[in-house]
Structure formats: structure tokens, C-alpha cells
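**Student:** Data file coords.csv (CSV, C-alpha atoms) is appended below.
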```
chain,number,residue,atom,x,y,z
G,1,MET,CA,17.1,-0.6,-18.3
G,2,PRO,CA,14.9,-1.0,-15.2
G,3,SER,CA,16.6,-1.7,-11.9
G,4,SER,CA,16.5,-5.2,-10.6
G,5,ARG,CA,13.5,-4.5,-8.3
G,6,GLU,CA,11.6,-3.0,-11.2
G,7,ALA,CA,12.4,-5.8,-13.7
G,8,MET,CA,9.3,-7.1,-15.5
G,9,PRO,CA,8.3,-10.6,-14.3
G,10,PRO,CA,8.0,-13.3,-16.9
G,11,GLY,CA,4.6,-13.2,-18.7
G,12,PHE,CA,3.8,-9.6,-18.3
G,13,ALA,CA,2.6,-8.5,-21.7
G,14,LEU,CA,1.2,-5.6,-23.5
G,15,GLY,CA,-2.5,-5.2,-22.8
G,16,ALA,CA,-5.5,-3.0,-23.5
G,17,ILE,CA,-3.8,0.0,-21.9
G,18,ARG,CA,-0.6,-0.6,-23.8
G,19,GLY,CA,2.0,-0.9,-21.2
G,20,ARG,CA,4.1,-3.3,-19.3
G,21,TRP,CA,3.3,-4.2,-15.7
G,22,THR,CA,5.8,-4.4,-12.8
G,23,ILE,CA,5.5,-4.9,-9.0
G,24,PHE,CA,8.0,-3.7,-6.4
G,25,PRO,CA,8.1,-2.8,-2.7
G,26,ALA,CA,6.4,0.6,-2.2
G,27,GLN,CA,9.0,1.7,0.3
G,28,GLU,CA,11.6,1.6,-2.6
G,29,ALA,CA,9.8,4.0,-4.9
G,30,THR,CA,12.2,6.5,-6.4
G,31,ASP,CA,11.7,10.2,-6.8
G,32,ALA,CA,11.4,9.6,-10.6
G,33,PHE,CA,8.6,7.1,-9.9
G,34,TRP,CA,6.8,9.5,-7.6
G,35,GLY,CA,7.1,12.2,-10.3
G,36,GLN,CA,5.3,9.9,-12.8
G,37,TRP,CA,2.7,9.0,-10.2
G,38,ASP,CA,1.9,12.7,-9.8
G,39,ASP,CA,1.7,13.2,-13.5
G,40,LEU,CA,-0.7,10.3,-13.7
G,41,ASN,CA,-2.8,11.7,-10.8
G,42,ARG,CA,-2.9,15.0,-12.7
G,43,ARG,CA,-4.1,13.3,-15.9
G,44,LEU,CA,-6.6,10.9,-14.3
G,45,ARG,CA,-7.8,12.6,-11.1
G,46,GLY,CA,-7.0,16.3,-11.4
G,47,ARG,CA,-4.3,16.3,-8.8
G,48,HIS,CA,-6.5,14.8,-6.0
G,49,PRO,CA,-4.8,15.6,-2.7
G,50,PHE,CA,-5.4,12.2,-1.3
G,51,LEU,CA,-3.7,10.7,-4.3
G,52,ASP,CA,-0.8,13.2,-4.4
G,53,SER,CA,2.7,11.7,-3.8
G,54,ARG,CA,3.2,14.1,-0.8
G,55,PHE,CA,0.2,12.4,0.9
G,56,VAL,CA,0.7,8.8,-0.2
G,57,SER,CA,4.4,8.7,0.5
G,58,ALA,CA,3.7,10.1,4.0
G,59,LEU,CA,1.1,7.3,4.6
G,60,LEU,CA,3.7,4.8,3.6
G,61,GLN,CA,6.4,6.4,5.7
G,62,TYR,CA,4.4,6.4,8.9
G,63,TRP,CA,1.8,3.6,8.5
G,64,GLY,CA,3.4,1.2,6.1
G,65,THR,CA,4.3,-2.3,7.3
G,66,GLY,CA,6.7,-3.3,4.6
G,67,THR,CA,4.2,-5.5,2.8
G,68,GLU,CA,2.9,-2.8,0.5
G,69,ARG,CA,3.6,-3.1,-3.2
G,70,PHE,CA,3.3,-0.8,-6.1
G,71,VAL,CA,1.6,-2.6,-9.0
G,72,ALA,CA,2.3,-0.3,-11.9
G,73,CYS,CA,2.0,-0.2,-15.7
G,74,ARG,CA,4.4,1.9,-17.8
G,75,GLY,CA,3.7,2.8,-21.4
G,76,ASP,CA,5.9,4.7,-23.9
G,77,ALA,CA,4.9,8.0,-22.4
G,78,GLY,CA,5.4,7.0,-18.8
G,79,LEU,CA,3.1,5.6,-16.1
G,80,VAL,CA,-0.4,4.7,-17.3
G,81,ALA,CA,-1.8,2.8,-14.2
G,82,ALA,CA,-0.7,2.2,-10.6
G,83,ALA,CA,-1.9,1.3,-7.2
G,84,VAL,CA,-0.5,0.6,-3.7
G,85,LEU,CA,-1.7,-2.9,-2.8
G,86,GLN,CA,-1.0,-5.4,0.0
G,87,PRO,CA,-1.3,-9.2,0.0
G,88,VAL,CA,-4.0,-10.3,2.5
G,89,ARG,CA,-3.8,-14.0,2.1
G,90,HIS,CA,-3.1,-16.4,-0.7
G,91,GLY,CA,-4.9,-15.2,-3.8
G,92,LEU,CA,-6.3,-12.0,-2.3
G,93,TRP,CA,-4.8,-8.5,-2.4
G,94,ARG,CA,-6.2,-5.2,-1.0
G,95,THR,CA,-5.7,-1.5,-1.3
G,96,PHE,CA,-3.3,0.0,1.3
G,97,LEU,CA,-5.6,2.0,3.4
G,98,PRO,CA,-4.5,3.2,6.9
G,99,SER,CA,-7.2,5.1,8.9
G,100,GLN,CA,-5.6,8.5,8.0
G,101,THR,CA,-7.2,8.4,4.6
G,102,GLN,CA,-10.7,7.7,3.2
G,103,LEU,CA,-9.6,7.1,-0.4
G,104,GLY,CA,-7.6,4.2,-1.6
G,105,PRO,CA,-4.4,5.1,-3.5
G,106,VAL,CA,-5.5,3.8,-6.9
G,107,LEU,CA,-4.7,5.5,-10.2
G,108,VAL,CA,-6.5,3.3,-12.8
G,109,GLY,CA,-8.6,4.8,-15.5
G,110,SER,CA,-11.0,2.0,-16.3
G,111,HIS,CA,-12.5,-1.3,-15.2
G,112,SER,CA,-10.5,-3.1,-18.0
G,113,ALA,CA,-7.3,-1.6,-16.8
G,114,ALA,CA,-8.1,-2.7,-13.2
G,115,ARG,CA,-8.6,-6.2,-14.5
G,116,GLU,CA,-5.2,-6.1,-16.2
G,117,MET,CA,-3.7,-5.1,-12.9
G,118,LEU,CA,-5.4,-8.1,-11.2
G,119,GLU,CA,-4.1,-10.5,-13.9
G,120,ALA,CA,-0.6,-9.0,-13.7
G,121,ILE,CA,-0.1,-9.7,-10.0
G,122,PRO,CA,2.3,-12.6,-9.6
G,123,GLY,CA,1.2,-15.7,-7.8
G,124,PHE,CA,-2.2,-16.0,-9.5
G,125,ALA,CA,-4.3,-13.5,-7.6
G,126,ALA,CA,-8.0,-14.5,-7.4
G,127,ALA,CA,-9.3,-11.1,-6.4
G,128,VAL,CA,-8.3,-7.5,-5.5
G,129,GLU,CA,-10.3,-5.4,-3.0
G,130,PHE,CA,-10.2,-1.8,-4.1
G,131,LEU,CA,-11.2,-0.2,-0.8
G,132,CYS,CA,-12.8,3.2,-0.3
G,133,GLN,CA,-13.7,4.2,-3.8
G,134,ASP,CA,-15.2,7.6,-4.5
G,135,PRO,CA,-17.4,7.4,-7.6
G,136,LEU,CA,-16.0,10.7,-8.8
G,137,TYR,CA,-12.5,9.3,-8.8
G,138,SER,CA,-12.8,5.6,-9.4
G,139,PRO,CA,-12.5,3.2,-12.4
G,140,PHE,CA,-15.7,1.7,-11.0
G,141,GLY,CA,-19.3,3.0,-10.8
G,142,VAL,CA,-21.4,2.4,-7.7
G,143,ALA,CA,-24.0,0.8,-9.9
G,144,SER,CA,-21.6,-1.3,-12.0
G,145,GLU,CA,-21.8,-4.5,-9.9
G,146,GLY,CA,-22.0,-7.7,-11.9
G,147,GLY,CA,-19.8,-10.0,-13.9
G,148,ASP,CA,-16.5,-9.9,-12.2
G,149,LEU,CA,-17.2,-7.0,-9.8
G,150,LEU,CA,-18.8,-6.9,-6.3
G,151,ILE,CA,-19.7,-3.6,-4.7
G,152,ASN,CA,-20.0,-3.2,-1.0
G,153,PRO,CA,-21.4,0.2,0.3
G,154,TYR,CA,-19.1,1.8,3.0
G,155,ALA,CA,-20.4,5.2,4.0
G,156,PRO,CA,-21.9,8.4,2.6
G,157,THR,CA,-19.6,11.3,2.3
G,158,MET,CA,-20.4,14.9,1.6
G,159,SER,CA,-19.2,18.2,0.0
G,160,VAL,CA,-20.1,21.8,0.1
G,161,ALA,CA,-20.1,23.9,-3.1
G,162,LEU,CA,-19.7,27.6,-2.7
G,163,GLU,CA,-19.4,28.9,-6.3
G,164,ASN,CA,-22.5,31.1,-5.9
G,165,GLY,CA,-21.4,32.7,-2.7
G,166,PHE,CA,-22.1,32.1,0.9
G,167,GLU,CA,-25.5,33.9,1.1
G,168,GLU,CA,-27.0,31.6,-1.6
G,169,TYR,CA,-25.5,28.6,0.0
G,170,TRP,CA,-26.8,29.5,3.5
G,171,GLU,CA,-30.2,30.3,2.2
G,172,GLY,CA,-30.5,26.7,1.1
G,173,ARG,CA,-29.8,25.3,4.5
G,174,SER,CA,-32.5,24.0,6.8
G,175,ARG,CA,-34.4,26.3,9.1
G,176,ASN,CA,-33.2,24.2,12.1
G,177,LEU,CA,-29.6,24.5,11.3
G,178,LYS,CA,-29.8,28.3,10.8
G,179,LYS,CA,-31.7,28.7,14.1
G,180,ASN,CA,-29.0,26.6,15.9
G,181,ILE,CA,-26.2,28.8,14.6
G,182,VAL,CA,-28.0,31.9,15.8
G,183,LYS,CA,-28.6,30.2,19.2
G,184,TRP,CA,-25.0,29.2,19.7
G,185,ARG,CA,-23.7,32.6,18.7
G,186,LYS,CA,-26.1,34.5,21.0
G,187,ARG,CA,-25.1,32.1,23.9
G,188,ALA,CA,-21.5,33.2,23.5
G,189,GLU,CA,-22.5,36.9,23.2
G,190,ARG,CA,-24.6,36.7,26.4
G,191,GLN,CA,-21.5,35.4,28.3
G,192,GLY,CA,-19.3,38.1,26.8
G,193,ALA,CA,-17.2,35.5,24.9
G,194,ALA,CA,-16.2,37.0,21.6
G,195,ILE,CA,-16.0,34.7,18.6
G,196,LYS,CA,-12.9,35.0,16.5
G,197,LEU,CA,-11.8,33.0,13.4
G,198,THR,CA,-8.1,32.7,12.6
G,199,ARG,CA,-6.6,31.1,9.5
G,200,VAL,CA,-3.0,29.8,9.5
G,201,SER,CA,-1.6,29.2,6.0
G,202,SER,CA,2.0,30.4,6.2
G,203,LEU,CA,4.6,27.6,5.9
G,204,GLY,CA,6.6,28.8,8.8
G,205,VAL,CA,3.8,28.5,11.3
G,206,LEU,CA,1.7,25.6,10.1
G,207,ARG,CA,3.6,23.1,12.3
G,208,GLU,CA,2.8,25.3,15.4
G,209,ALA,CA,-0.8,25.3,14.5
G,210,VAL,CA,-0.9,21.5,14.1
G,211,ALA,CA,0.8,21.3,17.6
G,212,ARG,CA,-2.0,23.5,19.0
G,213,TYR,CA,-4.5,21.2,17.4
G,214,GLY,CA,-2.8,18.2,19.0
G,215,GLU,CA,-2.9,19.9,22.5
G,216,LEU,CA,-6.6,20.5,22.1
G,217,GLU,CA,-7.4,17.0,20.9
G,218,SER,CA,-5.3,15.5,23.6
G,219,ARG,CA,-7.5,17.1,26.3
G,220,GLY,CA,-10.6,15.3,24.9
G,221,TRP,CA,-11.8,11.8,24.6
G,222,LYS,CA,-9.2,10.9,22.1
G,223,GLY,CA,-6.5,11.8,24.6
G,224,ARG,CA,-8.1,9.6,27.2
G,225,GLU,CA,-8.2,6.7,24.7
G,226,GLY,CA,-4.7,7.3,23.6
G,227,THR,CA,-5.6,8.0,19.9
G,228,ALA,CA,-5.1,11.8,19.9
G,229,LEU,CA,-2.7,13.6,17.6
G,230,HIS,CA,0.2,15.1,19.4
G,231,GLU,CA,3.4,16.7,18.2
G,232,ASP,CA,5.5,14.0,19.8
G,233,ASN,CA,3.7,11.0,18.4
G,234,PRO,CA,3.5,9.5,14.8
G,235,GLN,CA,0.1,11.0,14.3
G,236,GLY,CA,1.3,14.5,15.0
G,237,GLN,CA,4.4,14.0,12.9
G,238,PHE,CA,2.5,12.7,10.0
G,239,TYR,CA,-0.1,15.5,9.9
G,240,ALA,CA,2.5,18.2,10.5
G,241,GLY,CA,4.6,16.8,7.7
G,242,VAL,CA,1.7,16.6,5.3
G,243,MET,CA,0.5,20.1,6.1
G,244,GLU,CA,4.0,21.5,5.5
G,245,ARG,CA,4.3,19.6,2.2
G,246,PHE,CA,1.1,21.1,0.9
G,247,GLY,CA,1.7,24.4,2.5
G,248,ALA,CA,4.8,24.9,0.4
G,249,GLU,CA,2.5,25.7,-2.5
G,250,GLY,CA,-0.2,27.4,-0.5
G,251,ASN,CA,-2.6,24.4,-0.3
G,252,ALA,CA,-2.8,23.8,3.4
G,253,ASP,CA,-4.8,25.7,6.1
G,254,VAL,CA,-5.5,25.4,9.8
G,255,PHE,CA,-8.7,27.2,10.7
G,256,GLU,CA,-9.0,28.0,14.4
G,257,LEU,CA,-12.0,29.4,16.3
G,258,ARG,CA,-11.5,31.1,19.6
G,259,ILE,CA,-14.3,31.8,22.0
G,260,GLY,CA,-13.5,34.4,24.7
G,261,GLY,CA,-9.8,34.2,23.6
G,262,ARG,CA,-9.7,30.5,24.2
G,263,LEU,CA,-9.0,28.0,21.4
G,264,ALA,CA,-12.3,26.2,21.0
G,265,SER,CA,-12.0,24.3,17.8
G,266,SER,CA,-9.6,23.6,15.0
G,267,ARG,CA,-9.7,22.1,11.5
G,268,LEU,CA,-6.8,20.9,9.3
G,269,LEU,CA,-7.3,21.3,5.5
G,270,ILE,CA,-5.3,20.4,2.4
G,271,GLY,CA,-6.3,20.9,-1.2
G,272,ASN,CA,-5.6,21.8,-4.8
G,273,GLU,CA,-6.9,24.4,-7.2
G,274,GLU,CA,-10.4,22.9,-7.2
G,275,PHE,CA,-11.2,21.9,-3.7
G,276,ARG,CA,-10.1,21.6,-0.1
G,277,ILE,CA,-10.4,18.5,2.1
G,278,VAL,CA,-11.0,18.5,5.8
G,279,LEU,CA,-8.3,16.2,7.2
G,280,LYS,CA,-9.1,16.5,10.9
G,281,THR,CA,-11.4,18.3,13.3
G,282,THR,CA,-11.3,18.8,17.0
G,283,TYR,CA,-12.9,21.0,19.7
G,284,ASP,CA,-12.7,21.9,23.3
G,285,GLU,CA,-15.2,19.6,25.1
G,286,GLU,CA,-15.5,22.1,28.0
G,287,LEU,CA,-17.0,24.6,25.6
G,288,ALA,CA,-19.5,22.1,24.1
G,289,GLU,CA,-22.4,24.4,25.0
G,290,PHE,CA,-21.3,26.7,22.2
G,291,ALA,CA,-21.0,23.9,19.6
G,292,PRO,CA,-17.5,25.2,18.7
G,293,GLY,CA,-17.0,22.8,15.8
G,294,ARG,CA,-20.2,23.9,14.1
G,295,LEU,CA,-19.5,27.6,14.7
G,296,LEU,CA,-16.0,27.1,13.2
G,297,LEU,CA,-17.5,25.4,10.1
G,298,TYR,CA,-20.0,28.3,9.7
G,299,GLU,CA,-17.2,31.0,10.0
G,300,MET,CA,-14.8,29.0,7.8
G,301,LEU,CA,-17.3,28.5,5.0
G,302,GLN,CA,-17.9,32.2,4.9
G,303,LYS,CA,-14.2,32.8,4.6
G,304,LEU,CA,-13.7,30.2,1.8
G,305,ALA,CA,-16.7,31.6,-0.1
G,306,GLU,CA,-15.0,35.0,-0.4
G,307,GLU,CA,-12.1,33.5,-2.3
G,308,PRO,CA,-12.0,33.1,-6.1
G,309,ARG,CA,-10.8,29.4,-5.8
G,310,PRO,CA,-11.3,26.8,-4.7
G,311,LYS,CA,-15.0,26.7,-4.4
G,312,ARG,CA,-15.7,23.3,-2.9
G,313,LEU,CA,-15.0,21.7,0.5
G,314,GLU,CA,-14.8,17.9,0.7
G,315,PHE,CA,-15.3,16.1,4.0
G,316,TYR,CA,-14.5,12.4,3.3
G,317,THR,CA,-16.2,11.3,6.4
G,318,LYS,CA,-18.9,8.9,7.5
G,319,ALA,CA,-21.4,11.7,7.3
G,320,THR,CA,-24.1,11.8,9.9
G,321,VAL,CA,-27.6,13.3,9.5
G,322,ASP,CA,-26.4,16.4,11.4
G,323,GLN,CA,-23.4,16.8,9.1
G,324,LEU,CA,-25.4,16.2,5.9
G,325,ALA,CA,-27.5,19.3,6.9
G,326,TRP,CA,-24.5,21.3,5.7
G,327,ALA,CA,-24.0,19.4,2.4
G,328,THR,CA,-24.8,20.5,-1.1
G,329,GLU,CA,-23.9,17.1,-2.3
G,330,ARG,CA,-23.7,13.6,-0.9
G,331,ARG,CA,-22.3,10.5,-2.5
G,332,PRO,CA,-21.5,6.9,-1.5
G,333,ILE,CA,-18.0,5.7,-0.8
G,334,PHE,CA,-17.8,2.0,-1.6
G,335,HIS,CA,-15.5,-1.0,-1.7
G,336,ALA,CA,-15.1,-2.7,-5.0
G,337,THR,CA,-13.9,-6.3,-5.2
G,338,LEU,CA,-12.7,-7.4,-8.6
G,339,PHE,CA,-12.5,-11.2,-9.2
G,340,ARG,CA,-10.5,-13.2,-11.7
G,341,TRP,CA,-13.6,-15.3,-12.5
G,342,SER,CA,-17.3,-14.3,-12.4
G,343,ALA,CA,-18.1,-17.5,-10.6
G,344,LEU,CA,-16.1,-16.3,-7.6
G,345,ARG,CA,-18.1,-13.1,-7.6
G,346,GLN,CA,-21.3,-15.0,-7.6
G,347,VAL,CA,-20.2,-17.1,-4.6
G,348,ALA,CA,-19.1,-13.9,-2.8
G,349,HIS,CA,-22.4,-12.2,-3.7
G,350,VAL,CA,-24.4,-15.1,-2.1
G,351,VAL,CA,-22.2,-14.9,1.1
G,352,LYS,CA,-22.7,-11.1,1.1
G,353,GLY,CA,-26.5,-11.5,0.8
```
Please re-express this file's structure in C-alpha cells.

**Tutor:**
Amino acid sequence: MPSSREAMPPGFALGAIRGRWTIFPAQEATDAFWGQWDDLNRRLRGRHPFLDSRFVSALLQYWGTGTERFVACRGDAGLVAAAVLQPVRHGLWRTFLPSQTQLGPVLVGSHSAAREMLEAIPGFAAAVEFLCQDPLYSPFGVASEGGDLLINPYAPTMSVALENGFEEYWEGRSRNLKKNIVKWRKRAERQGAAIKLTRVSSLGVLREAVARYGELESRGWKGREGTALHEDNPQGQFYAGVMERFGAEGNADVFELRIGGRLASSRLLIGNEEFRIVLKTTYDEELAEFAPGRLLLYEMLQKLAEEPRPKRLEFYTKATVDQLAWATERRPIFHATLFRWSALRQVAHVVKG
């Protein structure tokens, strides 16, 4: 029998995805539930790191407000659909999406299943905003607007594919980018500042590398604005914890670039068997003349290309023109609003226009 918090509300019925819906406070998710969540992520999204329980549970631990709810559907074989949602106002719900992630925690396999989720929410929800949808990992398509669905573009993201090796990848980059890398490297050489890349992946030292990242970021503009990661603040604790969780199975890296022996740039990565995600990037602003963030990316991509797997780097960022020069693929991240009635979508579409 389900626990009292997981009891099925009256009227929740079998639907197209053949399961029964329940809603409960996200902070009360059990280990058993998280195990089913990860199994669903494996089946639907190939163990996407941003949808992994180690990442989502950390988001809830550090950035949850207590209003978050799991809306979940269980079938005979376990969990078949789930998302972390928050009520926004009467009739409107939204994906839980703190700034530390660029992908909404939604594990739903189809538009029809998402509609069932909407209809299963108690209190007669009129709409659900599924924020930050990646077309590669979403029940909705970027071109599927119409009927009960409204699509709002958010930002372009990018990835780098390295399956054919670094030389072929680099050959496809722009002449300007290649010239700039040579220029920045020669500038360091002329000043006798050796460039050295270090990779930290061992579980016992990942936290120390995250702390160094925080010290570097705290010296820059984020430190002056009070938004920098630091080992003593929630940001630092969140990222250190996530890196250690993924590092336990060898899927976390901190890449550090030193120029003249001085830490110049750092990137935090997590991943799975198929790809890595850049979580955070920082650099020493006093060494800006060497473009340390760009040099780190160049050196890091060479290193990643040497490995058998993974062969793709995902950025999940609001990609700029300069960043897109590194990309082998770009795609749109979008917000999808699902309405109970098509007439509501039509009204929202007029307001949007």
C-alpha cells in the first residue's frame, strides 16, 4: 500500500500511459522513489546528468522552497512519468528550475503523457509551464506549437562532437578562431609563461578543486556582486556535493589551466557514458590578455578527444556568437506551456504576439 503522502487522490484514473498519478512534496521523496526516477531517466533520456537523482535531489536540497511537488505516474512496472513542479498561482504550475540548471526536471515521454500530467494535478490546473526544454530530451518539439501547446524560445545552446578526433574538429573551425588561439598562446610564450592543463577526477581531491574554483571566481566580478561560488556558501556546497556524487563513478572532472604556474581558468564538468556537461566556468580577470577561458577550452577539447568515450561536450548555456564558433551543433532551448483548453492557448498566443 502507498504511504499516506503518496495516496492516490480521488479521480486519478488509468490513462493512455497506463498508470496511476500521485502528487507529493518533493522533499519527501524516498530512496525507492529516486531509484525509480533514475530507472525512468535511463529508459527515456539515456541517464541525462541534469535529470539524474544525484543532481535533481541536490537542487531540491539547496534551492528548494518547500513548494515543490513530484507529479508522478506509476504503472505495473514502476514509474512511467514524473516531473518536479511548483504552483505559481491559482490554475498555473511550473517546472522547478533554479538558476543552477538549464534543463527542467521532466521525465515524460510524449505530449499526450504531459497532458495527462496536467489533468492529474489537483485543483483544476489550467496550464503547466515546462521550462527549459531541450528538443533532444523533451516530450515536445520546438515546431509543435498549436492546439493546446505554446512554445516560447529561450536561448540557443551548443555542443561539440569529437568522434572523429580533434584534428578534424579543429580543421572545421573558423580561420579567426584558429588565429586567435595561436595569438594568445604566443603572447604567453613571449612572456615566459608556460601553459599547463591539469585534470582532477579522483574522488578524494574533487572537493579541493571545487574550492580552488571558488577562490578564483570570488576574485572576479561575481565575487564583487556576491554571487560567486565559495566553499563556505550554499553555491560551493552544492557544486562540491554534485561533483563528488558524480565523481564516485568517474563522471566528474575539474579542468584547470595554469599560466606561468598561476591558476588562470577552471571548468567543472559532470557527465555519463555519452557526453559531458560544462557546469561552471571561471577565469582570472587579471590574466584576461591571454584569454585563459578560451585556452582552457582548446586544451580540454584536445584531451577529451583522446579518450574512447564520451565524445560530446554539452554547454547548456545562452550561447553567444563567440561561443558558437566552437560548436559543431546548436539547437534552441525553449519553454513549452501546455493548456487545458486550446482557447486558452489562443489567448496566450495573442498576448505573446

**Student:** Give me, as JSON lines, the closest atom pair and its distance (Å, one decimal) for every residue of range 162-246 of chain G within a cut-off of 8 Å of range 251-273 of chain G, counting all atoms listed in the file, rows sorted by chain and rising number.

**Tutor:**
```
{"residue": "G:Ala188", "atom": "CA", "partner": "G:Ile259", "partner_atom": "CA", "distance": 7.5}
{"residue": "G:Gly192", "atom": "CA", "partner": "G:Gly260", "partner_atom": "CA", "distance": 7.2}
{"residue": "G:Ala193", "atom": "CA", "partner": "G:Gly260", "partner_atom": "CA", "distance": 3.9}
{"residue": "G:Ala194", "atom": "CA", "partner": "G:Gly260", "partner_atom": "CA", "distance": 4.9}
{"residue": "G:Ile195", "atom": "CA", "partner": "G:Ile259", "partner_atom": "CA", "distance": 4.8}
{"residue": "G:Lys196", "atom": "CA", "partner": "G:Arg258", "partner_atom": "CA", "distance": 5.2}
{"residue": "G:Leu197", "atom": "CA", "partner": "G:Leu257", "partner_atom": "CA", "distance": 4.6}
{"residue": "G:Thr198", "atom": "CA", "partner": "G:Glu256", "partner_atom": "CA", "distance": 5.1}
{"residue": "G:Arg199", "atom": "CA", "partner": "G:Phe255", "partner_atom": "CA", "distance": 4.6}
{"residue": "G:Val200", "atom": "CA", "partner": "G:Val254", "partner_atom": "CA", "distance": 5.1}
{"residue": "G:Ser201", "atom": "CA", "partner": "G:Asp253", "partner_atom": "CA", "distance": 4.7}
{"residue": "G:Leu206", "atom": "CA", "partner": "G:Val254", "partner_atom": "CA", "distance": 7.2}
{"residue": "G:Ala209", "atom": "CA", "partner": "G:Val254", "partner_atom": "CA", "distance": 6.6}
{"residue": "G:Val210", "atom": "CA", "partner": "G:Val254", "partner_atom": "CA", "distance": 7.4}
{"residue": "G:Tyr213", "atom": "CA", "partner": "G:Ser266", "partner_atom": "CA", "distance": 6.1}
{"residue": "G:Leu216", "atom": "CA", "partner": "G:Ser265", "partner_atom": "CA", "distance": 7.9}
{"residue": "G:Met243", "atom": "CA", "partner": "G:Ala252", "partner_atom": "CA", "distance": 5.6}
{"residue": "G:Glu244", "atom": "CA", "partner": "G:Ala252", "partner_atom": "CA", "distance": 7.5}
{"residue": "G:Phe246", "atom": "CA", "partner": "G:Asn251", "partner_atom": "CA", "distance": 5.1}
```

**Student:** Could you please determine the separation between CA of Glu306 in chain G and CA of Gly293 in chain G in Å, to one decimal place?

**Tutor:** 20.4 Å

**Student:** Please list as a PyMOL selection string every residue within 6 Å of Leu131 in chain G, counting only C-alpha atoms and excluding residues in the same chain fewer than 4 positions away.

**Tutor:** chain G and resi 95+104+335

**Student:** Name the closest residue to Tyr154 in chain G among the candidates G:Gly66, G:Gly46, G:Pro332, G:Gly91; distances are taken between atoms, counting all atoms listed in the file.

**Tutor:** G:Pro332

**Student:** Can you tell me how far CA of Ser218 in chain G sits from CA of His230 in chain G, in Å to one decimal?

**Tutor:** 6.9 Å

**Student:** Could you work out how far CA of Met300 in chain G lies from CA of Leu162 in chain G, giving the answer in Å with one decimal?

**Tutor:**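 Atom-to-atom, CA of Leu162 in chain G to CA of Met300 in chain G, that is 11.7 Å.
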
**Student:** Restricting the calculation to only C-alpha atoms: of G:Val142, G:Leu136, G:Ala113, G:Ala211, which residue gets closest to Asn233 in chain G?

**Tutor:** G:Ala211

**Student:** Excluding Pro153 in chain G and residues on its chain fewer than 3 positions from it, collect all residues at most 12 Å away from it, counting all atoms listed in the file, and give them as JSON, numbers by chain.

**Tutor:** {"G": [131, 132, 133, 134, 135, 141, 142, 143, 145, 150, 156, 157, 318, 331, 332, 333, 334, 335, 336, 337, 352]}

**Student:** From the list G:Arg207, G:Arg54, G:Lys311, G:Lys222, which residue is nearest Asp31 in chain G when using only C-alpha atoms?

**Tutor:** G:Arg54

**Student:** Counting all atoms listed in the file, what is within 12 Å of Arg294 in chain G, bar same-chain residues fewer than 5 positions away, as an MDAnalysis selection string?

**Tutor:** chainID G and resid 177:178 180:185 256:257 264:267 281:283 287:289 299:301 322:323 325:326

**Student:** Starting from the point (-7.2, 4.2, -2.4), work out which residues of protein, DNA or RNA have an atom no more than 12 Å away when counting all atoms listed in the file; state them as a PyMOL selection string.

**Tutor:** chain G and resi 48-52+55-56+59+82-86+94-108+129-135+137-139+333-336

**Student:** Which one is closest to Trp63 in chain G: G:Trp37, G:Trp93, G:Phe238, G:Phe124? Count only C-alpha atoms.

**Tutor:** G:Phe238
